[in-house]
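Participant: Please see the structure below; I have some questions.
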Amino acid sequence: MRARRHPRRLPVVVTLSLVCAALVLAGCGENLPATTTHPAGDHAQRIYDLMVPIFWAALGVFVVVEGLLVYSVFRFRQRSESDAIPAQIHGNTRIEILWTIAPALILLVIAVLTFRTQAANSVQPADALPIKVIGHQWWWEIQYPNQNVVTANDIYIPTGQSVQFQMTGADVIHNPWMPKLAGKTDAIPGHTNFLTFKTDQPGIYRGLCAEFCGEQHAVMRFRVVAVPPDTFNAWVKQHQQPVGPAFSPTSADAARRGPGDPARGEKAFLNVKNLCITCHRIEGYKEAVGVTGPNLTYFGNRETIGAGALTNTPENLSQWIHNPGAVKPGNVMSTLIKPGVVSDQDIADIVAFLESQTIAIEKPQER
Ligand code: CUA
């Protein structure tokens with residue numbers, strides 16, 4: 001095929017720009033679970049309020065600089081072979097002073113606004129509810145020190161009240177980021193970082209790990225479940241009841257727990273040969289005190305399996321226990337639990353046992 005003499009690049013550039021703009025704008029949707037442009041917490045709101053003026057300032061600078069560039073390109077282009085070279089200018093003290101001072105002033109304003117936001121977001125009020133958030137490869141341990149509750153990957157918080165994440169890492173550096181609620185703060189081994197935020201809107205908010213921490217960094221998610229204070233207190237109260245040998249699932253849980261038998265599942269879970277209790281704890285069972293993996297107390301109440309790897313359904317939990325390495329390659333459980341280690345019957349029963357440990361509260365909408 002003959003090459004065109006005047007390839008028409010402009011349509012290609014325009015099309016690409018439109019596609020990029022569409023993608024960027026698509027990222028701004030209110031209904032997206034992890035966006036910074038629709039804050040629902042005070043910490044995220046302050047960052048958004050800083051981002052907006054900086055965005056407009058940057059856009060202004062872009063338009064002025066690119067406008068001058070485009071203007072010069074067209075105004076001073078060579079129109080014909082006989083056009084002489086335009087005047088060559090080397091140095092203009094007045095303009096150079098101007099274009100040094102103007103950006104310096106803009107940066108100064110941005111710096112002042114940024115320091116103000118940082119100061120406001122660093123305040124740690126004494127009455128904030130403390131929640132310990134510990135990053136593990138690749139899940140989140142959640143402790144409520146004042147309530148004596150330990151859970152994983154779902155973080156219940158009351159609305160209208162400041163909560164304080166006290167963050168560390170168990171192995172490497174992680175970063176629990178909830179784009180709609182708060183900005184990023186690292187969770188560092190051997191060091192505690194604090195992050196205080198508040199939301200007034202009940203909802204289930206997405207969280208993710210924002211610091212690269214290994215193979216399954218992308219599947220280290222969590223949910224912040226913000227509920228009215230009464231609901232939060234009810235959740236805490238139920239969570240404080242040990243599951244224990246007295247536990248008996250209610251008939252309402254039948255659809256939730258799948259075909260297995262919870263009573264047999266309890267025995268299978270506590271059976272050493274199935275390895276569950278090597279790593280997992282369930283409050284109320286003296287045999288189940290493992291600390292390597294997530295505390296599974298009231299697991300049936302959780303939103304996801306494997307820190308966001310699967311939604312929490314009996315079918316998915318069965319799939320997970322069958323072969324966790326196929327769902328989330330490299331996770332610690334997959335080093336012990338391979339297909340066949342736990343029998344199919346035991347898996348069905350363990351699923352029923354775990355899924356029937358629910359908490360009777362009304363959950364809010366995903367936001
Ligand atoms: Cu934990 Cu990335």
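Within each chain, counting starts at residue 1; across the structure tokens, chains are named A, B, ... in the order shown, with ligands numbered 1 upward in that order.
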Which of segment 169-246 of chain A end up as alpha helix (DSSP H) when DSSP is run on this backbone - answer as a PyMOL selection string?
Facilitator: chain A and resi 229-240
Participant: Could you give me, as a ChimeraX atom specification, the residues within 10 Å of segment 170-186 of chain A, counting only C-alpha atoms and dropping anything in the same chain fewer than 6 positions from it?
Facilitator: /A:30,32-48,121,133-141,192-199,205-214,217,220-224,367
Participant: For Leu354 of chain A, please output as a list in words all residues within 9 Å (counting only C-alpha atoms; exclusion window: fewer than 2 positions along the same chain).
Facilitator: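 Skipping anything fewer than 2 positions along the chain leaves Arg257, Pro262, Gly265, Glu266, Phe269, Leu296, Thr297, Tyr298, Phe299, Gly300, Asp349, Ile350, Val351, Ala352, Ser356, Gln357 and Thr358 of chain A.
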Participant: Can I get the selected residues back with all heavy atoms, as a short mmCIF file (atom, residue, chain, number, x, y, z; two decimals), in the first residue's frame?
Facilitator:
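The resulting again38.cif:
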```cif
data_model
loop_
_atom_site.label_atom_id
_atom_site.label_comp_id
_atom_site.auth_asym_id
_atom_site.auth_seq_id
_atom_site.Cartn_x
_atom_site.Cartn_y
_atom_site.Cartn_z
N ARG A 257 -25.86 -20.94 55.35
CA ARG A 257 -24.74 -21.81 55.70
C ARG A 257 -24.50 -22.94 54.70
O ARG A 257 -23.54 -23.69 54.86
CB ARG A 257 -24.94 -22.38 57.10
CG ARG A 257 -26.12 -23.33 57.22
CD ARG A 257 -26.25 -23.79 58.66
NE ARG A 257 -27.36 -24.69 58.81
CZ ARG A 257 -28.37 -24.54 59.67
NH1 ARG A 257 -28.41 -23.49 60.45
NH2 ARG A 257 -29.33 -25.42 59.75
N PRO A 262 -23.73 -27.65 60.88
CA PRO A 262 -22.89 -26.80 61.74
C PRO A 262 -22.33 -27.54 62.95
O PRO A 262 -21.18 -27.28 63.35
CB PRO A 262 -23.81 -25.68 62.18
CG PRO A 262 -25.05 -25.79 61.41
CD PRO A 262 -25.10 -27.13 60.76
N GLY A 265 -19.61 -29.53 61.82
CA GLY A 265 -18.59 -28.58 61.39
C GLY A 265 -17.77 -28.05 62.55
O GLY A 265 -16.56 -27.84 62.44
N GLU A 266 -18.43 -27.87 63.69
CA GLU A 266 -17.72 -27.42 64.88
C GLU A 266 -16.63 -28.43 65.24
O GLU A 266 -15.48 -28.08 65.49
CB GLU A 266 -18.72 -27.25 66.03
CG GLU A 266 -18.10 -26.75 67.31
CD GLU A 266 -19.10 -26.82 68.47
OE1 GLU A 266 -19.67 -27.92 68.70
OE2 GLU A 266 -19.34 -25.79 69.11
N PHE A 269 -13.89 -28.42 62.63
CA PHE A 269 -13.04 -27.23 62.76
C PHE A 269 -12.02 -27.42 63.88
O PHE A 269 -10.86 -27.04 63.75
CB PHE A 269 -13.92 -26.00 63.03
CG PHE A 269 -13.14 -24.71 63.07
CD1 PHE A 269 -12.88 -24.00 61.91
CD2 PHE A 269 -12.67 -24.21 64.29
CE1 PHE A 269 -12.15 -22.81 61.95
CE2 PHE A 269 -11.94 -23.02 64.32
CZ PHE A 269 -11.69 -22.33 63.16
N LEU A 296 -11.58 -15.77 63.46
CA LEU A 296 -12.78 -16.08 62.67
C LEU A 296 -14.09 -15.94 63.46
O LEU A 296 -15.14 -16.37 62.98
CB LEU A 296 -12.67 -17.50 62.10
CG LEU A 296 -11.52 -17.73 61.10
CD1 LEU A 296 -11.52 -19.17 60.60
CD2 LEU A 296 -11.62 -16.77 59.91
N THR A 297 -14.02 -15.34 64.64
CA THR A 297 -15.23 -15.18 65.45
C THR A 297 -16.31 -14.43 64.66
O THR A 297 -16.06 -13.36 64.13
CB THR A 297 -14.88 -14.39 66.73
OG1 THR A 297 -13.78 -15.03 67.38
CG2 THR A 297 -16.07 -14.32 67.66
N TYR A 298 -17.49 -15.03 64.58
CA TYR A 298 -18.62 -14.47 63.82
C TYR A 298 -18.25 -14.22 62.35
O TYR A 298 -18.57 -13.20 61.77
CB TYR A 298 -19.17 -13.21 64.48
CG TYR A 298 -19.78 -13.51 65.82
CD1 TYR A 298 -19.13 -13.15 66.99
CD2 TYR A 298 -20.97 -14.21 65.91
CE1 TYR A 298 -19.67 -13.49 68.23
CE2 TYR A 298 -21.51 -14.55 67.15
CZ TYR A 298 -20.86 -14.18 68.30
OH TYR A 298 -21.39 -14.53 69.51
N PHE A 299 -17.58 -15.22 61.78
CA PHE A 299 -17.17 -15.09 60.38
C PHE A 299 -18.36 -14.90 59.45
O PHE A 299 -18.26 -14.21 58.43
CB PHE A 299 -16.36 -16.32 59.95
CG PHE A 299 -15.90 -16.23 58.53
CD1 PHE A 299 -14.73 -15.56 58.21
CD2 PHE A 299 -16.66 -16.79 57.50
CE1 PHE A 299 -14.32 -15.45 56.90
CE2 PHE A 299 -16.25 -16.67 56.18
CZ PHE A 299 -15.08 -16.00 55.88
N GLY A 300 -19.50 -15.50 59.81
CA GLY A 300 -20.69 -15.40 58.94
C GLY A 300 -21.13 -13.97 58.72
O GLY A 300 -21.86 -13.67 57.76
N ASP A 349 -19.24 -29.09 56.21
CA ASP A 349 -19.66 -28.88 57.59
C ASP A 349 -18.97 -27.66 58.22
O ASP A 349 -19.59 -26.89 58.97
CB ASP A 349 -19.38 -30.13 58.41
CG ASP A 349 -20.23 -31.32 57.95
OD1 ASP A 349 -21.30 -31.08 57.35
OD2 ASP A 349 -19.82 -32.47 58.19
N ILE A 350 -17.68 -27.49 57.92
CA ILE A 350 -16.96 -26.32 58.46
C ILE A 350 -17.56 -25.03 57.90
O ILE A 350 -17.73 -24.04 58.62
CB ILE A 350 -15.44 -26.43 58.12
CG1 ILE A 350 -14.79 -27.54 58.95
CG2 ILE A 350 -14.73 -25.09 58.39
CD1 ILE A 350 -13.39 -27.91 58.52
N VAL A 351 -17.90 -25.06 56.61
CA VAL A 351 -18.56 -23.89 56.00
C VAL A 351 -19.84 -23.56 56.77
O VAL A 351 -20.10 -22.42 57.14
CB VAL A 351 -18.86 -24.15 54.50
CG1 VAL A 351 -19.83 -23.09 53.96
CG2 VAL A 351 -17.57 -24.17 53.69
N ALA A 352 -20.64 -24.60 57.05
CA ALA A 352 -21.90 -24.39 57.76
C ALA A 352 -21.63 -23.82 59.16
O ALA A 352 -22.34 -22.92 59.63
CB ALA A 352 -22.67 -25.69 57.86
N SER A 356 -22.75 -19.88 59.91
CA SER A 356 -23.92 -19.70 60.78
C SER A 356 -23.60 -18.82 61.99
O SER A 356 -24.48 -18.48 62.78
CB SER A 356 -24.49 -21.05 61.22
OG SER A 356 -23.49 -21.85 61.76
N GLN A 357 -22.35 -18.39 62.11
CA GLN A 357 -22.00 -17.44 63.18
C GLN A 357 -22.24 -16.01 62.67
O GLN A 357 -21.32 -15.32 62.25
CB GLN A 357 -20.53 -17.59 63.57
CG GLN A 357 -20.19 -18.94 64.18
CD GLN A 357 -18.70 -19.10 64.33
OE1 GLN A 357 -18.02 -18.16 64.69
NE2 GLN A 357 -18.20 -20.28 64.06
N THR A 358 -23.50 -15.62 62.70
CA THR A 358 -23.83 -14.29 62.17
C THR A 358 -24.14 -13.34 63.33
O THR A 358 -24.24 -13.75 64.47
CB THR A 358 -25.04 -14.36 61.23
OG1 THR A 358 -26.11 -14.98 61.93
CG2 THR A 358 -24.71 -15.15 59.99
#
```
Participant: Please extract the residues of segment 197-236 of chain A with a backbone DSSP assignment of strand (DSSP E or B) and present them as JSON, numbers by chain.
Facilitator: {"A": [197, 199, 203, 204, 205, 206, 207, 208, 209, 222, 223, 224, 225, 226, 227]}
Participant: Let me make sure I understand: among A:Pro294, A:Gly308, A:Gly67, A:Gly258, which one has the smallest atom-to-atom distance to Met333 of chain A if we use only C-alpha atoms?
Facilitator: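 Of the candidates, the smallest distance to Met333 of chain A is held by A:Pro294.
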Participant: Counting only C-alpha atoms, figure out which residue out of A:Tyr144, A:Phe76, A:Trp320, A:Phe165 gets nearest to Gln240 of chain A.
Facilitator: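 So, comparing all the options, the nearest one is A:Tyr144.
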